[in-house]
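Undergrad: Mind having a look at this structure? Questions to follow.
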Amino acid sequence: MDFRSHMGEALEEARAAAGRGEVPVGAVLVAADGTVLARTGNRMRELHDPTAHAEMLAIRAACAAVGSERLPGAALYVTLEPCPMCAAALSAARIARLVYGAADPKSGGIAQGPRVFSHPQCHHVPEVIDGIREAESAELMRGFFGARRL
């Protein structure tokens with residue numbers, strides 16, 4: 001299976017988020033049949049909402065589109081390792097597969113920090129594929145934050 005298939009779209013969403021002044025994270029949520037259910041980027045500043053991470057927005061839009069709080073068989077492609085909040089939402093939505101680009105040593109919740117999916121309280125653990133187009137994803141973050149530190 002080509003896990004890069006939708007990461008290009010997620011990277012486009014991340015670039016669009018950066019263009020809006022948002023942290024450049026993009027997400028694409030795909031149904032089991034390959035239909036794109038949602039694609040978006042971070043919108044925390046725009047919406048004045050600390051929960052408006054790309055993953056959360058994609059999950060909300062996809063659930064609304066299918067009329068269910070669960071997305072069995074779905075895959076989420078995201079440019080950055082999800083934070084603990086987003087990891088918990090992935091589990092609650094019963095998303096089957098998480099594909100992400102760059103690790104997030106500071107705020108990640110999958111392979112870093114609290115490792116949400118390894119807790120016994122986690123009701124559902126998706127398959128996790130990491131490092132897909134990692135260099136491009138990481139460069140977006142470095143460029144975004146580097147420009148703000150000048």
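Here, A, B, ... name the chains of the structure tokens in the order displayed, residue numbers run from 1 inside each chain, and ligands are numbered from 1 in the same displayed order.
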Let's see if you can do this: from backbone DSSP, list all helix (DSSP H, G or I) residues in stretch 2-108 of chain A, as a PyMOL selection string.
TA: chain A and resi 7-19+44-47+54-66+84-92
Undergrad: Write down as a count of residues only the residues belonging to chain A that are assigned strand (DSSP E or B) by DSSP computed on the backbone.
TA: 26
Undergrad: Using only C-alpha atoms, which of the listed residues (A:Glu22, A:Ala89, A:Ala27, A:Arg60) sits closest to A:Gly8?
TA: A:Ala27
Undergrad: So, counting only C-alpha atoms, which residue among A:Ala93, A:Ala74, A:Leu80, A:Met85 is closest to A:Thr51?
TA: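 Smallest distance to A:Thr51 is found for A:Met85.
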Undergrad: Nearest to A:Arg97 among A:Val66, A:Leu29, A:Ala14, A:Leu140, with distances taken over only C-alpha atoms: which residue is it?
TA: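 Of the candidates, the smallest distance to A:Arg97 is held by A:Leu29.
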Undergrad: Go through A:Ala61, A:Ala102, A:Ala111, A:Ala96 and flag the residue nearest A:Pro24, using only C-alpha atoms for the distances.
TA: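 That would be A:Ala102, the residue with the smallest distance to A:Pro24.
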Undergrad: Counting only C-alpha atoms, which of A:Met44, A:Leu98, A:Val28, A:Met141 gets nearest to A:Pro82?
TA: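 Ranked by minimum distance to A:Pro82, first place goes to A:Leu98.
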Undergrad: Could you check the closest approach to A:Ser137 for each of A:Arg15, A:Arg115, A:His6, A:Arg39 and tell me which residue wins, using only C-alpha atoms?
TA: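 For A:Ser137, the nearest of the candidates is A:Arg15.
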Undergrad: Please compute the atom CA of A:Leu57-atom CA of A:Cys86 distance, one decimal, in Å.
TA: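 That distance, rounded to one decimal, is 9.9 Å.
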Undergrad: Give me the residues near A:Val78 as JSON, numbers by chain, where near means some atom within 7 Å (using only C-alpha atoms) and where sequence neighbours in that chain fewer than 4 positions away do not count.
TA: {"A": [7, 10, 26, 27, 28, 99, 100, 101]}
Undergrad: If we count only C-alpha atoms, what is near A:Ala16 at a cut-off of 10 Å, once residues fewer than 3 positions away on the same chain are taken out, given as number ranges by chain?
TA: A: 10-13, 19-26, 40-42
Undergrad: For the selection you just gave me, I'd like the residues written to a file as a compact mmCIF listing (two decimals), in the first residue's frame, keeping N, CA, C and O atoms.
TA:
# COMPACT_ATOMS: atom_id res chain seq x y z
N ALA A 10 -2.25 16.60 2.21
CA ALA A 10 -2.06 17.11 3.57
C ALA A 10 -0.99 18.20 3.58
O ALA A 10 -1.15 19.23 4.26
N LEU A 11 0.06 18.02 2.81
CA LEU A 11 1.11 19.04 2.71
C LEU A 11 0.57 20.32 2.07
O LEU A 11 0.92 21.43 2.50
N GLU A 12 -0.30 20.19 1.07
CA GLU A 12 -0.94 21.38 0.48
C GLU A 12 -1.75 22.13 1.53
O GLU A 12 -1.71 23.36 1.60
N GLU A 13 -2.48 21.39 2.35
CA GLU A 13 -3.28 22.02 3.42
C GLU A 13 -2.37 22.68 4.45
O GLU A 13 -2.70 23.75 4.97
N GLY A 19 0.12 29.99 5.08
CA GLY A 19 -0.24 31.22 4.37
C GLY A 19 -1.26 32.06 5.12
O GLY A 19 -1.33 33.27 4.93
N ARG A 20 -2.03 31.42 5.98
CA ARG A 20 -3.01 32.13 6.82
C ARG A 20 -2.40 32.56 8.16
O ARG A 20 -3.11 33.07 9.03
N GLY A 21 -1.10 32.26 8.35
CA GLY A 21 -0.46 32.59 9.62
C GLY A 21 -0.64 31.54 10.68
O GLY A 21 -0.31 31.76 11.85
N GLU A 22 -1.14 30.38 10.30
CA GLU A 22 -1.35 29.28 11.23
C GLU A 22 -0.12 28.37 11.24
O GLU A 22 0.63 28.32 10.26
N VAL A 23 0.07 27.62 12.31
CA VAL A 23 1.12 26.61 12.33
C VAL A 23 0.82 25.64 11.18
O VAL A 23 -0.31 25.18 11.04
N PRO A 24 1.82 25.35 10.34
CA PRO A 24 1.57 24.59 9.12
C PRO A 24 1.37 23.09 9.32
O PRO A 24 2.28 22.28 9.13
N VAL A 25 0.16 22.74 9.71
CA VAL A 25 -0.22 21.34 9.83
C VAL A 25 -1.44 21.14 8.95
O VAL A 25 -2.40 21.92 9.00
N GLY A 26 -1.40 20.08 8.14
CA GLY A 26 -2.51 19.75 7.26
C GLY A 26 -2.94 18.32 7.48
O GLY A 26 -2.13 17.46 7.85
N THR A 40 -8.15 19.64 5.51
CA THR A 40 -8.09 20.96 6.14
C THR A 40 -6.71 21.18 6.77
O THR A 40 -5.90 20.27 6.83
N GLY A 41 -6.51 22.38 7.23
CA GLY A 41 -5.29 22.73 7.95
C GLY A 41 -5.66 23.40 9.26
O GLY A 41 -6.83 23.67 9.53
N ASN A 42 -4.66 23.66 10.07
CA ASN A 42 -4.89 24.34 11.35
C ASN A 42 -5.66 25.64 11.14
O ASN A 42 -5.43 26.36 10.16
